[in-house]
Every structure is written in structure tokens, then in C-alpha cells.
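Chemist: Structure file coords.cif (mmCIF, C-alpha atoms) is given on the next line.
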```cif
data_target
#
loop_
_atom_site.label_atom_id
_atom_site.label_comp_id
_atom_site.auth_asym_id
_atom_site.auth_seq_id
_atom_site.Cartn_x
_atom_site.Cartn_y
_atom_site.Cartn_z
CA MET A 1 0.00 0.00 0.00
CA GLY A 2 1.44 3.39 -1.04
CA LYS A 3 1.68 6.47 1.16
CA ILE A 4 -1.35 8.10 -0.49
CA ASP A 5 -3.46 5.00 0.07
CA GLN A 6 -2.25 4.79 3.67
CA ASN A 7 -3.25 8.41 4.28
CA LYS A 8 -6.68 7.76 2.79
CA GLN A 9 -7.15 4.73 5.00
CA ILE A 10 -6.07 6.69 8.10
CA LYS A 11 -8.56 9.47 7.31
CA ARG A 12 -11.37 7.02 6.64
CA GLU A 13 -10.64 5.12 9.86
CA SER A 14 -10.53 8.40 11.79
CA LEU A 15 -13.93 9.40 10.39
CA LEU A 16 -15.42 5.99 11.21
CA GLU A 17 -14.10 5.92 14.77
CA THR A 18 -15.09 9.54 15.45
CA ALA A 19 -18.58 8.94 14.06
CA PHE A 20 -18.94 5.85 16.26
CA LYS A 21 -17.98 7.84 19.38
CA ARG A 22 -20.36 10.68 18.49
CA PHE A 23 -23.24 8.39 17.50
CA THR A 24 -22.96 6.33 20.68
CA SER A 25 -22.60 9.34 22.99
CA LYS A 26 -24.96 11.89 21.39
CA GLY A 27 -27.13 9.74 19.13
CA ILE A 28 -27.28 9.79 15.35
CA HIS A 29 -29.96 12.47 15.09
CA LYS A 30 -28.05 14.88 17.35
CA THR A 31 -24.76 14.33 15.54
CA SER A 32 -23.97 16.50 12.53
CA ILE A 33 -21.39 15.95 9.83
CA SER A 34 -19.63 19.07 11.18
CA ASP A 35 -19.37 17.35 14.60
CA ILE A 36 -17.75 14.34 12.98
CA VAL A 37 -15.22 16.19 10.80
CA ASP A 38 -14.30 18.70 13.54
CA ASN A 39 -13.56 15.91 16.01
CA ALA A 40 -11.77 13.81 13.38
CA GLY A 41 -9.62 16.77 12.38
CA VAL A 42 -10.42 16.59 8.66
CA ALA A 43 -12.09 18.94 6.19
CA LYS A 44 -15.78 18.49 5.41
CA GLY A 45 -14.89 17.83 1.78
CA THR A 46 -12.84 14.83 2.91
CA PHE A 47 -15.96 13.35 4.52
CA TYR A 48 -17.77 13.42 1.18
CA LEU A 49 -14.91 11.58 -0.53
CA TYR A 50 -15.89 8.50 1.49
CA PHE A 51 -19.53 8.93 2.54
CA LYS A 52 -22.72 10.39 1.06
CA ASP A 53 -24.21 11.55 4.37
CA LYS A 54 -24.31 10.61 8.04
CA TYR A 55 -26.66 7.71 7.36
CA ASP A 56 -24.21 6.30 4.84
CA ILE A 57 -21.38 6.47 7.40
CA ARG A 58 -23.72 4.85 9.94
CA ASN A 59 -24.31 1.93 7.57
CA LYS A 60 -20.61 1.65 6.78
CA LEU A 61 -19.91 1.73 10.53
CA ILE A 62 -22.31 -1.15 11.08
CA ALA A 63 -20.43 -3.11 8.40
CA HIS A 64 -17.07 -2.11 9.88
CA LYS A 65 -17.93 -2.88 13.51
CA SER A 66 -19.90 -6.03 12.68
CA GLY A 67 -17.02 -7.13 10.48
CA GLU A 68 -14.60 -6.81 13.39
CA VAL A 69 -16.92 -8.87 15.62
CA PHE A 70 -17.47 -11.53 12.97
CA ARG A 71 -13.73 -11.67 12.10
CA ARG A 72 -12.88 -12.39 15.74
CA ALA A 73 -15.57 -15.10 15.89
CA ASP A 74 -14.38 -16.58 12.59
CA LEU A 75 -10.76 -16.66 13.80
CA ALA A 76 -11.87 -18.41 16.99
CA LEU A 77 -13.85 -20.93 14.93
CA LYS A 78 -10.80 -21.70 12.79
CA GLU A 79 -8.92 -22.68 15.94
CA THR A 80 -11.45 -25.43 16.61
CA ASP A 81 -11.97 -28.75 14.85
CA ILE A 82 -15.74 -28.24 14.45
CA VAL A 83 -16.90 -29.48 11.04
CA ASP A 84 -20.65 -29.88 11.46
CA LEU A 85 -22.37 -26.85 9.90
CA GLU A 86 -25.01 -26.52 12.62
CA GLU A 87 -22.34 -26.60 15.34
CA ARG A 88 -20.24 -24.06 13.42
CA VAL A 89 -23.20 -21.65 13.30
CA ILE A 90 -23.89 -22.13 17.03
CA PHE A 91 -20.20 -21.53 17.84
CA LEU A 92 -20.16 -18.31 15.79
CA ILE A 93 -23.38 -17.03 17.39
CA ASP A 94 -22.14 -17.86 20.90
CA ASN A 95 -18.83 -16.09 20.30
CA ILE A 96 -20.58 -13.02 18.86
CA ILE A 97 -22.99 -12.88 21.82
CA ASN A 98 -20.05 -13.06 24.24
CA GLN A 99 -18.31 -10.19 22.46
CA LEU A 100 -21.48 -8.07 22.71
CA VAL A 101 -21.74 -8.87 26.42
CA GLU A 102 -18.22 -7.44 26.78
CA ASP A 103 -18.98 -4.32 24.71
CA LYS A 104 -22.45 -3.04 25.55
CA THR A 105 -21.89 0.24 23.68
CA LEU A 106 -21.34 -1.73 20.49
CA LEU A 107 -24.37 -3.90 21.30
CA GLY A 108 -26.56 -0.82 21.60
CA PHE A 109 -25.29 0.66 18.34
CA ILE A 110 -25.64 -2.51 16.28
CA SER A 111 -28.99 -3.54 17.78
CA LYS A 112 -30.58 -0.13 17.17
CA ASN A 113 -29.34 0.20 13.60
CA LEU A 114 -28.89 -3.26 12.10
CA SER A 115 -31.68 -4.31 9.79
CA TRP A 116 -31.87 -7.06 7.20
CA GLY A 117 -31.63 -4.47 4.42
CA VAL A 118 -28.43 -3.07 5.89
CA PHE A 119 -27.06 -6.58 6.44
CA LYS A 120 -27.79 -7.66 2.90
CA ASN A 121 -26.73 -4.49 1.11
CA VAL A 122 -23.83 -3.39 3.31
CA LEU A 123 -22.54 -6.29 5.38
CA ILE A 124 -22.51 -8.87 2.61
CA GLY A 125 -20.98 -6.33 0.27
CA ALA A 126 -18.85 -4.60 2.90
CA GLY A 127 -15.72 -4.72 0.75
CA GLU A 128 -13.15 -2.28 2.09
CA TYR A 129 -15.11 -1.76 5.31
CA SER A 130 -14.69 -5.31 6.52
CA GLU A 131 -11.79 -7.74 6.67
CA VAL A 132 -14.24 -10.60 6.24
CA ASP A 133 -16.03 -11.14 2.95
CA PHE A 134 -19.51 -11.92 4.28
CA TYR A 135 -20.70 -12.92 0.83
CA ASP A 136 -18.05 -15.65 0.63
CA VAL A 137 -18.80 -16.83 4.16
CA TYR A 138 -22.53 -16.88 3.44
CA HIS A 139 -22.06 -18.89 0.24
CA SER A 140 -19.53 -21.31 1.69
CA MET A 141 -21.71 -22.03 4.72
CA PHE A 142 -25.18 -22.15 3.20
CA GLN A 143 -25.55 -21.68 -0.55
CA ASP A 144 -22.83 -23.95 -1.90
CA GLU A 145 -23.82 -26.86 0.29
CA GLY A 146 -27.20 -27.13 -1.41
CA ARG A 147 -28.58 -28.52 1.83
CA PHE A 148 -30.98 -25.73 2.66
CA LYS A 149 -34.11 -24.41 1.03
CA ASP A 150 -34.24 -20.59 0.90
CA PRO A 151 -30.96 -20.08 2.81
CA GLU A 152 -31.36 -16.29 2.67
CA VAL A 153 -34.64 -16.54 4.59
CA MET A 154 -32.98 -18.88 7.08
CA VAL A 155 -30.08 -16.47 7.71
CA PHE A 156 -32.54 -13.56 7.99
CA MET A 157 -34.51 -15.41 10.67
CA ILE A 158 -31.36 -16.32 12.65
CA ILE A 159 -30.09 -12.71 12.55
CA GLU A 160 -33.47 -11.32 13.59
CA LEU A 161 -33.80 -13.88 16.39
CA VAL A 162 -30.37 -13.17 17.85
CA GLY A 163 -30.67 -9.40 17.46
CA ALA A 164 -34.16 -9.22 18.95
CA THR A 165 -33.57 -11.48 21.94
CA CYS A 166 -30.02 -10.63 23.03
CA TYR A 167 -30.41 -6.88 23.54
CA SER A 168 -32.81 -7.03 26.50
CA ALA A 169 -31.24 -10.18 27.94
CA ILE A 170 -27.73 -8.68 27.96
CA LEU A 171 -28.61 -5.14 29.09
CA TYR A 172 -31.56 -5.76 31.39
CA SER A 173 -31.60 -9.53 32.08
CA GLU A 174 -35.11 -9.56 30.60
CA PRO A 175 -36.89 -11.94 30.52
CA VAL A 176 -33.78 -13.73 31.87
CA GLY A 177 -30.02 -13.19 31.75
CA ILE A 178 -28.19 -14.00 28.54
CA GLU A 179 -26.54 -17.17 29.86
CA GLU A 180 -29.93 -18.54 30.85
CA LEU A 181 -31.37 -17.50 27.49
CA LYS A 182 -28.60 -18.98 25.34
CA PRO A 183 -29.89 -22.60 25.38
CA TYR A 184 -33.27 -21.36 24.11
CA ILE A 185 -31.60 -19.28 21.38
CA PHE A 186 -29.45 -22.21 20.26
CA ARG A 187 -32.38 -24.63 20.31
CA THR A 188 -34.42 -22.21 18.18
CA ILE A 189 -31.52 -21.75 15.72
CA ARG A 190 -31.27 -25.53 15.36
CA GLY A 191 -35.03 -25.62 14.75
CA ILE A 192 -34.80 -22.91 12.08
CA MET A 193 -31.99 -24.76 10.33
CA ALA A 194 -33.85 -28.06 10.56
CA ALA A 195 -36.96 -26.47 9.04
CA HIS A 196 -34.91 -25.26 6.05
CA ARG A 197 -32.85 -28.41 5.57
CA ILE A 198 -33.69 -30.14 2.32
CA GLY A 199 -34.98 -33.65 2.76
CA GLN A 200 -36.30 -33.09 6.28
#
```
In C-alpha cells, write the structure found in this file.
Modeler:
Amino acid sequence: MGKIDQNKQIKRESLLETAFKRFTSKGIHKTSISDIVDNAGVAKGTFYLYFKDKYDIRNKLIAHKSGEVFRRADLALKETDIVDLEERVIFLIDNIINQLVEDKTLLGFISKNLSWGVFKNVLIGAGEYSEVDFYDVYHSMFQDEGRFKDPEVMVFMIIELVGATCYSAILYSEPVGIEELKPYIFRTIRGIMAAHRIGQ
């Protein structure tokens, strides 16, 4: 990577990290682009080289932050000898939940802003904003196996389940704490996968 490319990456990273701090402390609606660029120490024109508006940087942030979480879970999975697809999915989900337990600020940001549309259009096509190619992971785990009917619907349901149930369990222990809830989450994920498995 050349010096110019390095400088671009540094500026982009600075904008992303500053936006994350402002969004999670002030909220997205109370954060202006001027707030972001002033705190990042870059010109407003630089912002528009990378992002269309503050909602675009929010979506890219979701991809960036989710990519970091998923990359750590994926690296942990690679250190295991788990080969069964269902067990691999459960391992990934468990690792991701544990990371969100450790970083409740990130949990709040992702849970409030992650939707299926953002996941499909930004996370899977995160490109430069993620070190993990979600599209490749998605295809290698679900599509290429040919073992599941409507794998996109299946992944949607798993994401919605985890996102909807973990937030209250982690932050408020409602209806129960996350460790007590995990067996129910994993059992439901297994049920979703079983319902989509071809030949079942």
C-alpha cells in the first residue's frame, strides 16, 4: 500500500471511529457531519470523498464494527476442529454474543441500527469496510452446500432472532439473563436450520 493509500485509510478510519464515538454518545440524530469532521480533524470535503451523508457512514460503521466482531468469531472458529455446519453456526453465534456482552456500547449501536436491508446491502458487500467477505462466508456455509431451502430466509430469521432477543437479555436480564437464554436461542436456531434443511 502506497503512502497516499495509507493516508486515505487513516482518514477514513478516523472518520469511522469519530462517528462511532459521536453516535454512541450523542445519538445519530443529534450528531452532525460538522461534529464528525471537527472531532476527526479533517475537512468536510474529505468526509464526502468516502460517505454520502451521516446515514451512509452509519451503515458503513455497522459493516465495519460487525465485520470486526465476525472476524474475531471466525478466527476463533478456525482454531477449533468443528466441522458440522449446525455446530459451526452455534459456535459463531455464541462467540458473537459473548463479544457483545463485553462491549455493551457496540451492542446498543448494532442492535438499534442493524436491519436485514443493511445486512444484505452493506454487510454482505462490505468490501473495504470489513476484513471478512460476508458474501463468501454466506455462500460457503449455506448456498454452496445445497442442503438448505431458501438459505437467505434462514439467515434472515437467525439474525433477527439473535438481534431481537439478546439486547434485552444482555442489558436488562429480561426476561432472563443471557446465559440462561442462550440454550433457548441455540435450540431455536437448530429448529430454524432443521426447518430449512432439504430432505427433512
Chemist: If you take every atom of segment 61-72 of chain A that the file lists and fit an axis-aligned box around them with 3 Å extra on each side, what centre and edge lengths come out in Å to one decimal, as lines of an AutoDock Vina configuration file?
Modeler:
```
center_x = -17.6
center_y = -5.3
center_z = 12.1
size_x = 15.4
size_y = 20.1
size_z = 13.3
```
Chemist: Find, counting only C-alpha atoms, the residue in A:Gly27, A:Pro175, A:Gly191, A:Gly2 that gets nearest to Met154 of chain A.
Modeler: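 That would be A:Gly191, the residue with the smallest distance to Met154 of chain A.
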Chemist: Between atom CA of Arg72 of chain A and atom CA of Leu107 of chain A, measure the distance and give it in Å to one decimal.
Modeler: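 Separating atom CA of Arg72 of chain A from atom CA of Leu107 of chain A is a distance of 15.3 Å.
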Chemist: Kindly indicate which residue among A:Asp56, A:Ala195, A:Leu61, A:Ala43 lies nearest to Leu16 of chain A, using all atoms listed in the file for the distances.
Modeler: A:Leu61
Chemist: Need the neighbours of (-19.7, -7.2, 25.4): which residues are at most 12 Å away, counting all atoms listed in the file, as a VMD selection string?
Modeler: chain A and resid 69 94 to 110 166 to 167 170 to 171 178
Chemist: Starting from the shown file, work through the PyMOL selection byres ((chain A and resi 33) around 12) and note down what comes out as an MDAnalysis selection string.
Modeler: chainID A and resid 15:16 18:19 22:23 28:32 34:40 42:48 51:58
Chemist: How many Å lie between atom CA of Ala76 of chain A and atom CA of Ile90 of chain A, rounded to one decimal?
Modeler: 12.6 Å
Chemist: Rounded to one decimal, what separation in Å do you get between atom CA of Asp74 of chain A and atom CA of Glu86 of chain A?
Modeler: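 A separation of 14.6 Å between them.
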Chemist: For each of A:Asp84, A:Tyr184, A:Arg197, A:Val162, take the minimum atom-to-atom distance to Phe148 of chain A, counting all atoms listed in the file, then give the residue where this is smallest.
Modeler: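 Nearest to Phe148 of chain A: A:Arg197.
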Chemist: Between A:Tyr50, A:Ser25, A:Leu92, A:Glu180, which is the closest to Lys8 of chain A once you count all atoms listed in the file?
Modeler: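 Of A:Tyr50, A:Ser25, A:Leu92, A:Glu180, the one nearest Lys8 of chain A is A:Tyr50, counting all atoms listed in the file.
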Chemist: Please determine, counting only C-alpha atoms, which residue among A:Arg88, A:Lys26, A:Arg71, A:His64 has the shortest atom-to-atom distance to Arg190 of chain A.
Modeler: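 With only C-alpha atoms as the atom set, the closest residue is A:Arg88.
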Chemist: With only C-alpha atoms as the basis for distance, which of A:Met157, A:Val89, A:Val176, A:Leu49 is at the shortest distance from Leu77 of chain A?
Modeler: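 Counting only C-alpha atoms, the residue closest to Leu77 of chain A is A:Val89.
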Chemist: Starting from the incomplete input, reconstruct N, CA and C atoms of segment 59-82 of chain A and report them as a JSON list (two decimals), keeping the file's coordinate frame.
Modeler:
```json
[["chain", "number", "residue", "atom", "x", "y", "z"],
["A", 59, "ASN", "N", -24.23, 3.26, 8.16],
["A", 59, "ASN", "CA", -24.31, 1.93, 7.57],
["A", 59, "ASN", "C", -22.93, 1.32, 7.38],
["A", 60, "LYS", "N", -21.97, 2.14, 6.95],
["A", 60, "LYS", "CA", -20.61, 1.65, 6.78],
["A", 60, "LYS", "C", -20.01, 1.27, 8.13],
["A", 61, "LEU", "N", -20.37, 2.04, 9.17],
["A", 61, "LEU", "CA", -19.91, 1.73, 10.53],
["A", 61, "LEU", "C", -20.45, 0.38, 11.00],
["A", 62, "ILE", "N", -21.71, 0.13, 10.70],
["A", 62, "ILE", "CA", -22.31, -1.15, 11.08],
["A", 62, "ILE", "C", -21.54, -2.28, 10.41],
["A", 63, "ALA", "N", -21.22, -2.11, 9.13],
["A", 63, "ALA", "CA", -20.43, -3.11, 8.40],
["A", 63, "ALA", "C", -19.05, -3.25, 9.03],
["A", 64, "HIS", "N", -18.42, -2.12, 9.32],
["A", 64, "HIS", "CA", -17.07, -2.11, 9.88],
["A", 64, "HIS", "C", -17.04, -2.78, 11.25],
["A", 65, "LYS", "N", -17.91, -2.35, 12.14],
["A", 65, "LYS", "CA", -17.93, -2.88, 13.51],
["A", 65, "LYS", "C", -18.40, -4.34, 13.53],
["A", 66, "SER", "N", -19.42, -4.64, 12.75],
["A", 66, "SER", "CA", -19.90, -6.03, 12.68],
["A", 66, "SER", "C", -18.83, -6.92, 12.07],
["A", 67, "GLY", "N", -18.10, -6.38, 11.10],
["A", 67, "GLY", "CA", -17.02, -7.13, 10.48],
["A", 67, "GLY", "C", -15.94, -7.48, 11.48],
["A", 68, "GLU", "N", -15.60, -6.55, 12.36],
["A", 68, "GLU", "CA", -14.60, -6.81, 13.39],
["A", 68, "GLU", "C", -15.08, -7.93, 14.33],
["A", 69, "VAL", "N", -16.35, -7.85, 14.73],
["A", 69, "VAL", "CA", -16.92, -8.87, 15.62],
["A", 69, "VAL", "C", -16.91, -10.23, 14.94],
["A", 70, "PHE", "N", -17.39, -10.26, 13.69],
["A", 70, "PHE", "CA", -17.47, -11.53, 12.97],
["A", 70, "PHE", "C", -16.07, -12.09, 12.70],
["A", 71, "ARG", "N", -15.11, -11.22, 12.38],
["A", 71, "ARG", "CA", -13.73, -11.67, 12.10],
["A", 71, "ARG", "C", -13.16, -12.36, 13.33],
["A", 72, "ARG", "N", -13.38, -11.77, 14.52],
["A", 72, "ARG", "CA", -12.88, -12.39, 15.74],
["A", 72, "ARG", "C", -13.55, -13.75, 15.97],
["A", 73, "ALA", "N", -14.86, -13.83, 15.72],
["A", 73, "ALA", "CA", -15.57, -15.10, 15.89],
["A", 73, "ALA", "C", -15.07, -16.13, 14.88],
["A", 74, "ASP", "N", -14.85, -15.69, 13.64],
["A", 74, "ASP", "CA", -14.38, -16.58, 12.59],
["A", 74, "ASP", "C", -12.98, -17.11, 12.90],
["A", 75, "LEU", "N", -12.11, -16.23, 13.42],
["A", 75, "LEU", "CA", -10.76, -16.66, 13.80],
["A", 75, "LEU", "C", -10.81, -17.69, 14.93],
["A", 76, "ALA", "N", -11.71, -17.46, 15.89],
["A", 76, "ALA", "CA", -11.87, -18.41, 16.99],
["A", 76, "ALA", "C", -12.38, -19.75, 16.47],
["A", 77, "LEU", "N", -13.31, -19.69, 15.51],
["A", 77, "LEU", "CA", -13.85, -20.93, 14.93],
["A", 77, "LEU", "C", -12.76, -21.73, 14.22],
["A", 78, "LYS", "N", -11.87, -21.02, 13.54],
["A", 78, "LYS", "CA", -10.80, -21.70, 12.79],
["A", 78, "LYS", "C", -9.81, -22.41, 13.72],
["A", 79, "GLU", "N", -9.81, -22.02, 14.98],
["A", 79, "GLU", "CA", -8.92, -22.68, 15.94],
["A", 79, "GLU", "C", -9.54, -23.94, 16.53],
["A", 80, "THR", "N", -10.77, -24.23, 16.14],
["A", 80, "THR", "CA", -11.45, -25.43, 16.61],
["A", 80, "THR", "C", -11.39, -26.50, 15.52],
["A", 81, "ASP", "N", -11.88, -27.68, 15.85],
["A", 81, "ASP", "CA", -11.97, -28.75, 14.85],
["A", 81, "ASP", "C", -13.44, -29.06, 14.52],
["A", 82, "ILE", "N", -14.31, -28.06, 14.71],
["A", 82, "ILE", "CA", -15.74, -28.24, 14.45],
["A", 82, "ILE", "C", -15.97, -28.29, 12.94]]
```
